[in-house]
Amino acid sequence: MGSFDNQLHIFFFPFMAHGHTIPTVDMAKLFASRGAKTTIITTPLNAPSISKSIQTSRNLGFQIDIRILKFPSAEAGLPEGCENLDFVVSNGREMLDKFAVATTMLQEQLEKLLQECHPDCLVADMFFPWATDAASKFGIPRIVFHGISFFSMCAAECIRLYEPHKKVSSDSETFVIPSLPGEIKLTRNQLPDILRQDPADTALTRLMKGVKESELKSFGVIVNSFYELESDYADFYRKELGRRAWHIGPLSLCNRAIEDKAQSGNKASINEHECLKWLYSKKPDSVVYICFGTLTNFTAAQLKEIAVALEASGQQFIWVVRREKKEEREGEEEEERMEGKGLIIRGWAPQVLILEHEAIGGFVTHCGWNSTLEGITAGKPMVTWPVAAEQFYNEKFVTHVLKIGIEVGVKHWVKFHGDDIKSEAIEKAIRGIMEGEDAEEMRSRARNFGMMAREAVEKDGSSDSDFNALIDLIKPRN
């Protein structure tokens with residue numbers, strides 16, 4: 001059943017974390033720009049940043065609405081106002097479990113909204129596995145959004161199916177991921193702790209089990225990627241694993257105006273024009289950009305190692321610094337010493353704008369998929385520094401499959417707090433992507449992928465074609 005006027009109406013329900021919300025909002029903008037009515041479902045404290053990021057689209061006449069669900073913080077035992085994962089991760093597993101419980105308590109409110117509006121489709125984040133059943137009550141197809149690549153989804157599924165990590169004799173012994181194209185090697189230390197340990201029956205482990213089950217029952221999966229980037233893995237996911245999926249990315253390319261690129265996510269801690277002015281004063285490919293996403297924290301000692309490495313490398317830099325409050329005073333002296341030698345941004349940075357600038361010659365990244373894809377789209381080689389989630393898979397994709405990056409040498413999956421990497425290793429990797437003997441070849445390859453990314457979203461490109469195929473499947477019929 002379609003909307004009254006037969007216009008396609010889609011609900012988008014992002015998980016309450018910036019890394020999930022940003023691409024989902026971009027997706028809503030993309031569908032709205034093609035004539036669909038889109039509604040983003042969120043909670044009170046997450047609504048303002050979403051509202052700001054869709055303002056340009058609304059001004060152009062695109063139909064993007066926001067509907068609010070009350071977040072049950074108190075009912076789940078969370079502090080009042082704790083509505084975003086960014087506020088939860090530094091407080092340990094117990095808080096994460098409570099947050100997971102709180103998200104399940106949104107089901108009744110969502111069902112009332114689905115019954116009231118009866119959209120043609122619900123695109124819900126992977127971390128809402130119950131959304132599949134909620135939508136099916138009203139005959140509405142639910143599409144899953146993982147927010148990660150085909151490569152990572154395939155790697156994770158092959159490890160789940162074949163359990164190669166259980167066949168090695170130590171945590172540091174390498175194994176090849178069975179069945180996955182490309183002879184990809186990992187160690188047990190680089191896998192999420194939920195795989196390395198016999199998981200206890202917690203809200204988080206139940207959630208992850210539900211994620212897998214609900215995906216298999218869903219209408220399919222939307223992937224923020226493009227076919228030319230990972231064709232072997234898109235084919236493997238669809239043909240070998242038998243999943244229905246559509247690649248419609250890079251989603252960040254829906255933002256054309258400087259203001260849209262700058263306002264994606266939180267309000268930037270630096271004026272975008274000031275940042276661009278600084279970059280325009282630099283030569284092409286002369287600046288290294290260092291950013292580890294919204295959730296990763298480093299100790300003062302690790303920040304010092306990065307500072308020492310940057311100084312020793314002699315490179316111009318933009319460094320986005322985030323750390324826990326208890327580390328603030330301890331790390332300030334080291335940062336002050338670096339002022340004037342580069343640009344230090346404390347807080348949120350206009351990352352897409354920065355990466356696209358010709359002065360940026362390399363990107364030191366935690367390998368979150370949003371950042372990785374933004375680096376690829378901008379055509380930049382990378383230093384890979386994975387921390388948690390599926391980031392070790394992304395590292396292998398960048399360094400071994402695409403061959404546009406250098407590993408900094410992280411050995412352990414450590415959940416948001418960074419591994420202990422010495423300045424010598426950081427300096428070597430930075431020099432490698434900026435001026436090493438393979439730097440120009442990596443840069444050329446990276447630029448080629450960047451061109452492919454832009455071609456994919458143009459008319460009749462691979463992502464445009466998959467988008468149209470998806471629209472044809474879900475659009476209301478007369």
# chains A, B, ... in the order shown; residues from 1 in each chain; ligands from 1

$ residues_around --residues "Lys98 (chain A)" --least-positions-apart "5" --cutoff "7 Å" --atoms "only C-alpha atoms" --output "PyMOL selection string"
chain A and resi 76-78

$ residues_around --residues "Ile344 (chain A)" --least-positions-apart "2" --cutoff "7 Å" --atoms "only C-alpha atoms" --output "JSON, numbers by chain"
{"A": [318, 319, 320, 339, 342, 346]}

$ atom_distance --atom1 "CA of Leu241 (chain A)" --atom2 "CA of Val123 (chain A)"
21.2 Å

$ select_by_dssp --residues "region 44-200 of chain A" --states "strand (DSSP E or B)" --output "compact mmCIF listing (two decimals) with N, CA and C atoms, in the first residue's frame"
# COMPACT_ATOMS: atom_id res chain seq x y z
N ILE A 64 11.69 15.99 3.14
CA ILE A 64 12.37 15.25 4.21
C ILE A 64 11.78 15.71 5.54
N ASP A 65 11.15 14.78 6.24
CA ASP A 65 10.59 15.09 7.54
C ASP A 65 11.36 14.36 8.63
N ILE A 66 11.17 14.80 9.86
CA ILE A 66 11.73 14.12 11.03
C ILE A 66 10.59 13.78 11.98
N ARG A 67 10.56 12.55 12.45
CA ARG A 67 9.59 12.14 13.48
C ARG A 67 10.38 11.67 14.70
N ILE A 68 9.87 12.02 15.86
CA ILE A 68 10.61 11.81 17.11
C ILE A 68 10.02 10.66 17.92
N CYS A 121 8.28 1.57 2.60
CA CYS A 121 9.48 0.81 2.96
C CYS A 121 10.07 1.40 4.24
N LEU A 122 10.69 0.56 5.05
CA LEU A 122 11.43 0.99 6.23
C LEU A 122 12.89 0.59 6.05
N VAL A 123 13.79 1.57 6.00
CA VAL A 123 15.23 1.32 5.98
C VAL A 123 15.72 1.52 7.41
N ALA A 124 16.03 0.44 8.09
CA ALA A 124 16.40 0.51 9.50
C ALA A 124 17.80 -0.04 9.71
N ASP A 125 18.52 0.58 10.63
CA ASP A 125 19.88 0.18 10.94
C ASP A 125 19.94 -1.27 11.41
N ARG A 142 11.18 -4.31 5.13
CA ARG A 142 12.26 -3.69 5.90
C ARG A 142 13.58 -3.98 5.19
N ILE A 143 14.34 -2.93 4.91
CA ILE A 143 15.67 -3.08 4.34
C ILE A 143 16.68 -2.76 5.43
N VAL A 144 17.75 -3.56 5.50
CA VAL A 144 18.79 -3.40 6.52
C VAL A 144 19.88 -2.46 6.00
N PHE A 145 20.34 -1.56 6.86
CA PHE A 145 21.52 -0.77 6.54
C PHE A 145 22.60 -1.08 7.58
N THR A 174 48.60 -16.20 12.43
CA THR A 174 47.73 -15.76 11.35
C THR A 174 46.93 -16.93 10.78
N PHE A 175 45.76 -16.60 10.26
CA PHE A 175 44.95 -17.57 9.52
C PHE A 175 44.38 -16.86 8.29
N VAL A 176 44.08 -17.65 7.27
CA VAL A 176 43.44 -17.13 6.06
C VAL A 176 41.93 -17.27 6.23
N LYS A 185 44.49 -12.43 5.41
CA LYS A 185 45.01 -13.01 6.65
C LYS A 185 44.75 -12.08 7.84
N LEU A 186 44.37 -12.70 8.96
CA LEU A 186 44.15 -11.99 10.22
C LEU A 186 44.70 -12.83 11.35
N THR A 187 44.69 -12.27 12.55
CA THR A 187 44.97 -13.06 13.76
C THR A 187 43.76 -12.98 14.67

$ closest_atom_pairs --of "region 287-391 of chain A" --to "region 436-458 of chain A" --cutoff "10 Å" --atoms "only C-alpha atoms" --output "JSON lines"
{"residue": "A:Glu356", "atom": "CA", "partner": "A:Gly450", "partner_atom": "CA", "distance": 10.0}
{"residue": "A:Gly361", "atom": "CA", "partner": "A:Arg443", "partner_atom": "CA", "distance": 8.0}
{"residue": "A:Gly362", "atom": "CA", "partner": "A:Arg443", "partner_atom": "CA", "distance": 8.5}
{"residue": "A:Leu373", "atom": "CA", "partner": "A:Ala453", "partner_atom": "CA", "distance": 9.3}
{"residue": "A:Glu374", "atom": "CA", "partner": "A:Gly450", "partner_atom": "CA", "distance": 9.2}
{"residue": "A:Gly375", "atom": "CA", "partner": "A:Gly450", "partner_atom": "CA", "distance": 8.4}
{"residue": "A:Ile376", "atom": "CA", "partner": "A:Gly450", "partner_atom": "CA", "distance": 5.7}
{"residue": "A:Thr377", "atom": "CA", "partner": "A:Gly450", "partner_atom": "CA", "distance": 4.3}
{"residue": "A:Ala378", "atom": "CA", "partner": "A:Gly450", "partner_atom": "CA", "distance": 5.5}
{"residue": "A:Gly379", "atom": "CA", "partner": "A:Arg447", "partner_atom": "CA", "distance": 4.0}
{"residue": "A:Lys380", "atom": "CA", "partner": "A:Ala446", "partner_atom": "CA", "distance": 5.5}
{"residue": "A:Pro381", "atom": "CA", "partner": "A:Arg443", "partner_atom": "CA", "distance": 5.6}
{"residue": "A:Met382", "atom": "CA", "partner": "A:Met442", "partner_atom": "CA", "distance": 9.0}

$ select_by_dssp --residues "region 67-280 of chain A" --states "helix (DSSP H, G or I)" --output "PyMOL selection string"
chain A and resi 74-76+85-87+89-104+107-117+131-136+150-162+164-166+188-190+193-196+203-217+231-240+251-254+258-262+272-280

$ residues_around --residues "region 152-154 of chain A" --least-positions-apart "3" --cutoff "7 Å" --atoms "only C-alpha atoms" --output "MDAnalysis selection string"
chainID A and resid 148:149 157:158 233 237 390 393:394

$ closest_residue --among "A:His247, A:Lys70, A:His146, A:Lys209" --to "Trp130 (chain A)" --atoms "only C-alpha atoms"
A:Lys209

$ residues_around --residues "Phe71 (chain A)" --least-positions-apart "3" --cutoff "12 Å" --atoms "only C-alpha atoms" --output "short mmCIF file (atom, residue, chain, number, x, y, z; two decimals) with N, CA and C atoms, in the first residue's frame"
data_model
loop_
_atom_site.label_atom_id
_atom_site.label_comp_id
_atom_site.auth_asym_id
_atom_site.auth_seq_id
_atom_site.Cartn_x
_atom_site.Cartn_y
_atom_site.Cartn_z
N PHE A 15 20.67 4.23 13.63
CA PHE A 15 21.12 3.98 15.00
C PHE A 15 21.68 5.28 15.57
N MET A 16 21.57 5.42 16.90
CA MET A 16 21.93 6.69 17.54
C MET A 16 23.44 6.76 17.79
N ILE A 41 13.51 8.87 11.36
CA ILE A 41 13.05 8.60 12.72
C ILE A 41 14.23 8.76 13.67
N THR A 42 14.06 9.54 14.72
CA THR A 42 15.16 9.71 15.68
C THR A 42 14.60 10.09 17.04
N THR A 43 15.48 10.48 17.94
CA THR A 43 15.08 10.82 19.31
C THR A 43 15.35 12.30 19.57
N PRO A 44 14.80 12.87 20.64
CA PRO A 44 14.87 14.32 20.84
C PRO A 44 16.26 14.93 20.76
N LEU A 45 17.24 14.34 21.43
CA LEU A 45 18.56 14.95 21.48
C LEU A 45 19.37 14.74 20.20
N ASN A 46 18.96 13.79 19.37
CA ASN A 46 19.64 13.57 18.09
C ASN A 46 19.02 14.37 16.96
N ALA A 47 17.83 14.92 17.18
CA ALA A 47 17.10 15.61 16.11
C ALA A 47 17.76 16.90 15.63
N ILE A 68 9.87 12.02 15.86
CA ILE A 68 10.61 11.81 17.11
C ILE A 68 10.02 10.66 17.92
N ALA A 74 15.77 6.47 31.21
CA ALA A 74 15.53 6.12 32.61
C ALA A 74 15.05 4.68 32.75
N GLU A 75 14.15 4.25 31.86
CA GLU A 75 13.61 2.89 31.94
C GLU A 75 14.69 1.83 31.77
N ALA A 76 15.75 2.17 31.03
CA ALA A 76 16.84 1.21 30.79
C ALA A 76 17.98 1.37 31.79
N GLY A 77 17.83 2.31 32.73
CA GLY A 77 18.88 2.51 33.73
C GLY A 77 20.02 3.39 33.27
N LEU A 78 19.76 4.20 32.23
CA LEU A 78 20.77 5.13 31.72
C LEU A 78 20.55 6.52 32.29
N PRO A 79 21.59 7.33 32.36
CA PRO A 79 21.41 8.72 32.80
C PRO A 79 20.47 9.45 31.84
N GLU A 80 19.68 10.36 32.35
CA GLU A 80 18.78 11.13 31.50
C GLU A 80 19.59 11.88 30.45
N GLY A 81 19.11 11.86 29.21
CA GLY A 81 19.81 12.54 28.15
C GLY A 81 20.86 11.71 27.45
N CYS A 82 20.99 10.45 27.86
CA CYS A 82 21.99 9.56 27.25
C CYS A 82 21.34 8.87 26.05
N GLU A 83 21.36 9.56 24.90
CA GLU A 83 20.63 9.10 23.73
C GLU A 83 21.51 8.78 22.53
N ASN A 84 22.81 8.85 22.72
CA ASN A 84 23.72 8.63 21.60
C ASN A 84 24.91 7.78 22.06
N PHE A 99 22.30 0.45 26.95
CA PHE A 99 21.94 1.19 25.74
C PHE A 99 21.27 0.25 24.73
N ALA A 100 21.81 -0.97 24.62
CA ALA A 100 21.22 -1.97 23.72
C ALA A 100 19.79 -2.29 24.14
N VAL A 101 19.57 -2.43 25.45
CA VAL A 101 18.22 -2.70 25.98
C VAL A 101 17.29 -1.54 25.64
N ALA A 102 17.78 -0.31 25.84
CA ALA A 102 16.95 0.87 25.58
C ALA A 102 16.46 0.92 24.14
N THR A 103 17.33 0.53 23.19
CA THR A 103 16.92 0.59 21.78
C THR A 103 15.80 -0.42 21.48
N THR A 104 15.79 -1.56 22.18
CA THR A 104 14.71 -2.53 21.95
C THR A 104 13.37 -2.01 22.44
N MET A 105 13.41 -1.09 23.39
CA MET A 105 12.19 -0.54 23.97
C MET A 105 11.52 0.50 23.08
N LEU A 106 12.14 0.77 21.91
CA LEU A 106 11.57 1.71 20.96
C LEU A 106 10.55 1.06 20.03
N GLN A 107 10.44 -0.26 20.10
CA GLN A 107 9.63 -0.99 19.11
C GLN A 107 8.16 -0.56 19.10
N GLU A 108 7.57 -0.43 20.26
CA GLU A 108 6.14 -0.09 20.33
C GLU A 108 5.87 1.27 19.70
N GLN A 109 6.74 2.25 20.00
CA GLN A 109 6.56 3.58 19.42
C GLN A 109 6.71 3.55 17.90
N LEU A 110 7.70 2.78 17.41
CA LEU A 110 7.89 2.69 15.96
C LEU A 110 6.68 2.05 15.30
#

$ residues_around --residues "Phe236 (chain A)" --least-positions-apart "5" --cutoff "9 Å" --atoms "only C-alpha atoms" --output "MDAnalysis selection string"
chainID A and resid 150 154 180:181 231 241:242

$ residues_around --residues "region 27-36 of chain A" --least-positions-apart "2" --cutoff "7 Å" --atoms "only C-alpha atoms" --output "number ranges by chain"
A: 7-9, 12, 23-25, 38, 57, 62-64, 251, 254

$ atom_distance --atom1 "CA of Ser313 (chain A)" --atom2 "CA of Val408 (chain A)"
14.1 Å

$ residues_around --residues "Gln302 (chain A)" --least-positions-apart "4" --cutoff "8 Å" --atoms "only C-alpha atoms" --output "list in words"
Phe298, Ile306, Asp420, Ile421 and Lys422 of chain A
